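Take a look at the structure set out below.
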Amino acid sequence: MGVALPRKEFFEIPEGVIYLDGNSLGVLPRGAAERAGQVITQEWGNQLIRAWNDAGWMALPQIVGDSIAALLGAPKGSIATGDTLSIKVYQALAAALKMRPERKVILSDNGNFPSDLYMAQGLIGTLAQGYELRTPAPEDVLEAITDDVAAVMLTQVDYRTGRMHDMDSITRRAHAVGAVMIWDLAHSAGAVEVDLAACNAEFAVGCSYKYLNGGPGAPAFIYVRPDIVDGIEPALSGWLGHEAPFAMDLDYRPAMATERMRVGTPPILQLAVLQEALKVWDGVDMCELRAASVALSDLFIQEVEARCPQLRLASPRNASERGSQVSFAFEHGYAAMQTIIDRGVIGDFRAPNVMRFGFTPLYLDHDDVMAAAQIIQEVLTEELWRDPKYQVRAAVT
Ligand SMILES: *Cc1c(COP(=O)(O)O)cnc(C)c1O
């Protein structure tokens with residue numbers, strides 16, 4: 001048995017807000033602001049450069065990586081942190097392609113997050129060796145894994161609909177044809193049960209500002225399967241992935257660990273905040289967290305469908321095929337979401353017509369779901385979204 005959920009007392013949730021956007025930016029954990037202040041004033045302010053050693057800054061990327069590994073069924077030392085997810089996608093893909101030099105196909109799907117596909121396109125351009133990126137529909141991926149594929153690069157949970165790929169069967173298929181498997185766990189880490197060791201994929205990447213609550217721009221992570229890490233050739237061979245950064249060698253020699261996937265100076269402020277945020281997970285049983293997520297999501301679907309016939313469920317109805325978010329399609333989804341947000345229920349919108357609601361059992365309960373459904377019903381039944389002030393699009397939706 002894990003600790004009881006939710007753990008609202010661990011978070012600073014503004015009065016009057018029901019936050020259904022933890023899939024995009026997690027809420028502020030209690031203690032994070034104080035920790036950031038302490039790192040700034042005491043460590044940076046007083047200790048200055050000595051803090052790299054004396055305040056343990058240099059060890060922070062690895063300590064945080066180990067905490068994330070524990071949530072993903074990965075062994076200690078198998079996860080490196082830093083940079084942003086887009087960078088980690090590039091690194092994983094570049095390393096995977098080097099492992100299969102005779103093959104020229106990258107397989108993803110057209111439900112992947114655009115940045116993952118953009119990074120693949122950029123890498124293809126840089127390599128200039130005739131690589132091809134294939135993006136079939138998510139439901140056609142399994143059949144598209146053929147023996148000309150060098151790397152399969154997929155995001156487990158679809159950012160628009162929450163539809164979830166089966167990591168085990170896809171990884172098995174990739175390995176059966178000799179392809180390298182890369183999983184993007186951006187919408188999985190801290191949201192669904194993941195067992196990287198059992199899955200056996202070569203690489204996994206993800207970010208820490210969604211369900212892990214690390215704050216805007218928090219560092220990303222990359223997992224490399226321990227048995228292959230010594231043979232991985234990093235494309236971004238920065239000095240902090242060097243075996244001995246302070247030897248100041250003229251030639252690159254990768255660290256003999258996942259640390260070789262680090263690039264430059266670690267973002268200490270963000271890492272310290274993330275370390276604080278990860279304390280919230282102490283004693284949380286991921287199986288119980290998943291059960292709570294499914295219960296909240298199922299309740300939300302039931303309540304919203306009963307109250308709002310205007311909305312069409314855009315997520316899988318079957319919880320086992322869905323991550324920790326629920327999406328509804330609605331022609332006036334942008335305006336409707338702005339209206340709902342104005343009434344304290346925060347979700348978000350993804351073009352062309354998807355209203356997204358994330359469910360984070362660490363800080364949401366049954367009453368929150370019922371109250372949110374009530375507000376959504378009022379906005380749709382009374383067509384409150386027709387007010388012109390809700391039609392203007394902001395830069396970030
Ligand atoms: C959120 C997300 C990203 C964002 O990448 P950043 O480099 O952190 O901006 C990339 N890929 C996926 C699948 C995501 O969900």
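Here's how to read the names in the structure tokens: chain A, B, ... by the order shown, residue numbers from 1 in each chain, ligand numbers from 1 in the order shown.
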Who sits within 7 Å of Gly347 of chain A, only C-alpha atoms, same chain under 4 positions skipped, as a list in words: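 The residues that qualify are Tyr19, Leu20, Asp21, Met337, Ile341, Arg356 and Phe357 of chain A.
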Residues at most 9 Å from ligand 1, using only C-alpha atoms and all ligand atoms? Could they come as a short mmCIF file (atom, residue, chain, number, x, y, z; two decimals) with C-alpha atoms, in the first residue's frame?
data_model
loop_
_atom_site.label_atom_id
_atom_site.label_comp_id
_atom_site.auth_asym_id
_atom_site.auth_seq_id
_atom_site.Cartn_x
_atom_site.Cartn_y
_atom_site.Cartn_z
CA ASN A 23 -0.42 17.15 -18.43
CA SER A 24 0.98 20.39 -19.86
CA ASP A 83 18.50 20.18 -21.78
CA THR A 84 14.96 20.05 -23.16
CA LEU A 85 13.05 17.08 -24.47
CA SER A 86 13.53 18.09 -28.11
CA ILE A 87 17.31 17.85 -27.61
CA LYS A 88 16.98 14.45 -25.95
CA VAL A 89 14.84 13.19 -28.84
CA ASN A 112 3.48 12.16 -32.49
CA PHE A 113 4.21 15.54 -30.97
CA PRO A 114 5.41 17.85 -33.76
CA SER A 115 8.77 18.67 -32.15
CA ASP A 116 9.75 14.99 -32.18
CA LEU A 117 9.05 14.85 -35.91
CA LEU A 154 7.05 6.85 -30.76
CA THR A 155 5.38 8.81 -28.00
CA GLN A 156 3.50 6.40 -25.76
CA VAL A 157 0.58 8.73 -24.95
CA ASP A 158 -0.84 10.94 -27.72
CA TYR A 159 -0.75 14.59 -26.61
CA ASP A 184 8.98 9.33 -25.65
CA LEU A 185 7.42 9.27 -22.18
CA ALA A 186 6.52 12.98 -21.97
CA HIS A 187 2.90 12.18 -21.13
CA VAL A 205 13.12 10.26 -23.22
CA GLY A 206 10.73 12.63 -21.50
CA CYS A 207 10.25 15.98 -19.84
CA SER A 208 9.76 16.85 -16.19
CA TYR A 209 7.45 19.87 -16.30
CA LYS A 210 4.27 17.90 -17.05
CA GLY A 217 11.50 24.70 -18.72
CA ALA A 218 12.49 21.99 -16.22
CA PRO A 219 15.21 19.64 -17.51
CA ALA A 220 14.40 16.66 -19.70
#
In segment 104-342 of chain A, DSSP alpha helix (DSSP H) residues written as a PyMOL selection string: chain A and resi 114-127+141-144+167-176+196-199+268-278+286-307+333-342
Best match for closeness to Val39 of chain A among A:Ala247, A:Leu269, A:Gly238, A:Arg100, counting only C-alpha atoms: A:Leu269
Distance query Arg7 of chain A at most 12 Å, only C-alpha atoms, self and fewer than 2 positions along chain excluded, as an mmCIF file with C-alpha atoms, in the first residue's frame:
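Below you can see selection-v9.cif, which holds the result:
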data_model
loop_
_atom_site.group_PDB
_atom_site.id
_atom_site.type_symbol
_atom_site.label_atom_id
_atom_site.label_comp_id
_atom_site.auth_asym_id
_atom_site.auth_seq_id
_atom_site.Cartn_x
_atom_site.Cartn_y
_atom_site.Cartn_z
ATOM 1 C CA GLY A 2 1.257 3.413 -0.944
ATOM 2 C CA VAL A 3 0.428 6.717 0.730
ATOM 3 C CA ALA A 4 -3.154 7.974 0.429
ATOM 4 C CA LEU A 5 -4.042 10.050 -2.656
ATOM 5 C CA GLU A 9 -1.146 19.457 0.998
ATOM 6 C CA PHE A 10 2.078 19.031 -0.995
ATOM 7 C CA PHE A 11 1.045 21.628 -3.573
ATOM 8 C CA GLU A 12 0.261 25.335 -3.838
ATOM 9 C CA ILE A 13 -3.016 25.300 -5.743
ATOM 10 C CA PRO A 29 4.974 21.926 -5.259
ATOM 11 C CA ARG A 30 5.117 23.316 -1.743
ATOM 12 C CA LYS A 279 9.908 14.402 -3.086
ATOM 13 C CA VAL A 280 6.139 14.407 -3.518
ATOM 14 C CA TRP A 281 6.433 10.915 -5.009
ATOM 15 C CA ASP A 282 7.890 9.374 -1.834
ATOM 16 C CA GLY A 283 5.696 6.412 -0.955
ATOM 17 C CA VAL A 284 3.370 6.790 -3.946
ATOM 18 C CA LEU A 289 -1.855 6.278 -8.859
ATOM 19 C CA THR A 360 -3.378 14.261 -11.883
ATOM 20 C CA PRO A 361 -4.318 12.103 -8.886
ATOM 21 C CA LEU A 362 -1.640 13.758 -6.739
ATOM 22 C CA TYR A 363 -3.765 16.888 -6.459
ATOM 23 C CA LEU A 364 -7.271 16.132 -7.817
ATOM 24 C CA ASP A 365 -10.201 14.345 -6.251
#
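Our summary of the geometry notes that atom CA of Val345 of chain A is positioned 6.0 Å from atom CA of Val17 of chain A.
If only C-alpha atoms are the atoms counted, then among A:Ile49, A:Ile301, A:Phe203, A:Ile375 the closest residue to Asn318 of chain A is A:Ile301.
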Pairwise distance for atom CA of Gly16 of chain A and atom CA of Gly344 of chain A, rounded to one decimal in Å: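 Atom CA of Gly16 of chain A sits 6.1 Å away from atom CA of Gly344 of chain A.
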Atomic separation - atom CA of Gln377 of chain A relative to atom CA of Glu303 of chain A, Å: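 Between atom CA of Glu303 of chain A and atom CA of Gln377 of chain A the gap works out to 9.3 Å.
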Might you pull out every residue within 12 Å of Ala235 of chain A, with only C-alpha atoms counted and same-chain residues fewer than 4 positions away left off, and present them as a CSV table (one decimal) with N, CA, C and O atoms, in the first residue's frame?
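Ended up saving to around22.csv:
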chain,number,residue,atom,x,y,z
A,87,ILE,N,15.9,18.2,-27.5
A,87,ILE,CA,17.3,17.9,-27.6
A,87,ILE,C,17.5,16.4,-27.3
A,87,ILE,O,18.3,15.7,-28.0
A,88,LYS,N,16.8,15.9,-26.3
A,88,LYS,CA,17.0,14.4,-25.9
A,88,LYS,C,16.4,13.5,-27.0
A,88,LYS,O,17.0,12.4,-27.3
A,89,VAL,N,15.4,14.0,-27.7
A,89,VAL,CA,14.8,13.2,-28.8
A,89,VAL,C,15.9,13.1,-29.9
A,89,VAL,O,16.2,12.0,-30.5
A,90,TYR,N,16.5,14.2,-30.2
A,90,TYR,CA,17.6,14.3,-31.2
A,90,TYR,C,18.7,13.3,-30.9
A,90,TYR,O,19.2,12.5,-31.7
A,91,GLN,N,19.1,13.4,-29.6
A,91,GLN,CA,20.3,12.5,-29.2
A,91,GLN,C,19.9,11.1,-29.3
A,91,GLN,O,20.8,10.3,-29.7
A,92,ALA,N,18.7,10.7,-28.8
A,92,ALA,CA,18.4,9.3,-28.8
A,92,ALA,C,18.3,8.8,-30.3
A,92,ALA,O,18.8,7.7,-30.6
A,93,LEU,N,17.7,9.6,-31.1
A,93,LEU,CA,17.5,9.2,-32.5
A,93,LEU,C,18.9,9.1,-33.3
A,93,LEU,O,19.1,8.1,-34.0
A,94,ALA,N,19.7,10.1,-33.0
A,94,ALA,CA,21.0,10.0,-33.7
A,94,ALA,C,21.8,8.8,-33.2
A,94,ALA,O,22.5,8.1,-34.1
A,95,ALA,N,21.7,8.5,-31.9
A,95,ALA,CA,22.5,7.3,-31.4
A,95,ALA,C,21.9,6.0,-32.0
A,95,ALA,O,22.6,5.1,-32.3
A,96,ALA,N,20.6,6.0,-32.1
A,96,ALA,CA,19.9,4.8,-32.6
A,96,ALA,C,20.3,4.5,-34.1
A,96,ALA,O,20.6,3.4,-34.4
A,97,LEU,N,20.3,5.6,-34.9
A,97,LEU,CA,20.7,5.4,-36.3
A,97,LEU,C,22.1,4.9,-36.4
A,97,LEU,O,22.4,4.1,-37.3
A,98,LYS,N,23.0,5.4,-35.6
A,98,LYS,CA,24.4,4.9,-35.6
A,98,LYS,C,24.5,3.4,-35.3
A,98,LYS,O,25.4,2.7,-35.7
A,123,LEU,N,17.6,16.2,-38.1
A,123,LEU,CA,18.7,15.2,-38.1
A,123,LEU,C,18.9,14.6,-39.5
A,123,LEU,O,20.0,14.5,-39.9
A,126,THR,N,20.8,17.0,-41.5
A,126,THR,CA,22.2,17.1,-41.1
A,126,THR,C,23.0,15.9,-41.6
A,126,THR,O,24.2,16.1,-42.0
A,127,LEU,N,22.4,14.7,-41.4
A,127,LEU,CA,23.1,13.5,-41.8
A,127,LEU,C,23.3,13.5,-43.4
A,127,LEU,O,24.3,13.0,-43.8
A,241,GLY,N,29.5,15.5,-21.0
A,241,GLY,CA,29.3,14.0,-21.3
A,241,GLY,C,30.7,13.4,-21.5
A,241,GLY,O,30.8,12.2,-21.8
A,252,TYR,N,37.3,14.3,-27.6
A,252,TYR,CA,36.2,13.8,-26.9
A,252,TYR,C,36.3,12.3,-26.6
A,252,TYR,O,36.6,11.5,-27.5
A,254,PRO,N,33.8,9.7,-24.5
A,254,PRO,CA,32.5,9.7,-23.7
A,254,PRO,C,32.6,9.0,-22.3
A,254,PRO,O,33.4,8.1,-22.1
A,260,ARG,N,27.1,10.1,-20.6
A,260,ARG,CA,27.6,10.6,-21.9
A,260,ARG,C,26.5,11.3,-22.7
A,260,ARG,O,26.8,11.9,-23.7
A,261,MET,N,25.3,11.2,-22.3
A,261,MET,CA,24.2,11.9,-23.0
A,261,MET,C,24.0,13.3,-22.4
A,261,MET,O,23.1,14.0,-22.9
A,262,ARG,N,24.8,13.7,-21.4
A,262,ARG,CA,24.7,15.1,-21.0
A,262,ARG,C,25.5,15.9,-22.0
A,262,ARG,O,26.3,15.4,-22.8
A,263,VAL,N,25.2,17.2,-22.1
A,263,VAL,CA,25.8,18.1,-23.1
A,263,VAL,C,26.6,19.2,-22.4
A,263,VAL,O,27.9,19.1,-22.3
Spatial neighbours of Met370 of chain A, 10 Å, only C-alpha atoms, chain gap at least 3 places, as a PyMOL selection string: chain A and resi 296+299-300+303-304+365-367+373-375
Residue nearest Glu43 of chain A - candidates A:Gly26, A:Ile268, A:Ala174, A:Asp285, atoms counted: only C-alpha atoms: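 Distance minimum relative to Glu43 of chain A lands on A:Ile268.
Counting only C-alpha atoms, the residue from A:Leu48, A:Thr161, A:Ala395, A:Ile182 that sits nearest to Ala329 of chain A is A:Thr161.
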A:Leu196, A:Ala51, A:Ala189, A:Ala144 ranked by distance to Pro75 of chain A, top pick (using only C-alpha atoms):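 Ranked by minimum distance to Pro75 of chain A, first place goes to A:Leu196.
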Do a neighbour search on Leu271 of chain A at 12 Å with only C-alpha atoms, toss out local chain neighbours closer than 5 positions, and write the hits as a compact mmCIF listing (two decimals) with C-alpha atoms, in the first residue's frame.
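Once everything was written out, this is result.txt:
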# COMPACT_ATOMS: atom_id res chain seq x y z
CA ALA A 32 9.89 24.55 -4.39
CA ARG A 35 14.36 25.82 -2.27
CA ALA A 36 14.88 28.03 -5.33
CA VAL A 39 19.86 28.06 -4.01
CA GLY A 56 26.58 19.35 -4.43
CA TRP A 57 25.58 21.03 -7.68
CA MET A 58 27.70 18.72 -9.80
CA ALA A 59 25.96 15.62 -8.46
CA LEU A 60 22.45 17.02 -8.88
CA PRO A 61 21.77 15.83 -12.48
CA GLN A 62 22.47 12.23 -11.47
CA ILE A 63 20.56 12.36 -8.19
CA VAL A 64 17.49 13.71 -9.98
CA GLY A 65 17.93 11.14 -12.77
CA SER A 67 14.62 9.68 -8.67
CA ILE A 68 12.99 9.72 -12.12
CA ALA A 80 20.70 11.39 -17.48
CA THR A 81 18.99 14.77 -17.08
CA GLY A 82 19.36 18.17 -18.66
CA ASP A 83 18.50 20.18 -21.78
CA SER A 208 9.76 16.85 -16.19
CA TYR A 209 7.45 19.87 -16.30
CA ASN A 213 5.80 19.16 -11.67
CA GLY A 214 9.35 20.42 -12.23
CA GLY A 215 8.22 23.88 -13.41
CA PRO A 216 8.40 25.69 -16.76
CA GLY A 217 11.50 24.70 -18.72
CA ALA A 218 12.49 21.99 -16.22
CA PRO A 219 15.21 19.64 -17.51
CA ALA A 220 14.40 16.66 -19.70
CA PHE A 221 15.63 13.10 -19.18
CA THR A 265 26.36 22.98 -17.84
CA PRO A 266 23.36 21.65 -15.90
CA GLU A 276 12.05 19.23 -4.48
CA ALA A 277 9.10 18.34 -6.73
CA LEU A 278 10.13 14.70 -6.89
Contacts of Gln391 of chain A within 12 Å, only C-alpha atoms, excl. fewer than 6 positions in-chain, as a list of chain:residue names: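 Selected residues are A:His332, A:Gly333, A:Tyr334, A:Ala335, A:Ala336, A:Met337, A:Gln338, A:Thr339, A:Leu384, A:Trp385.
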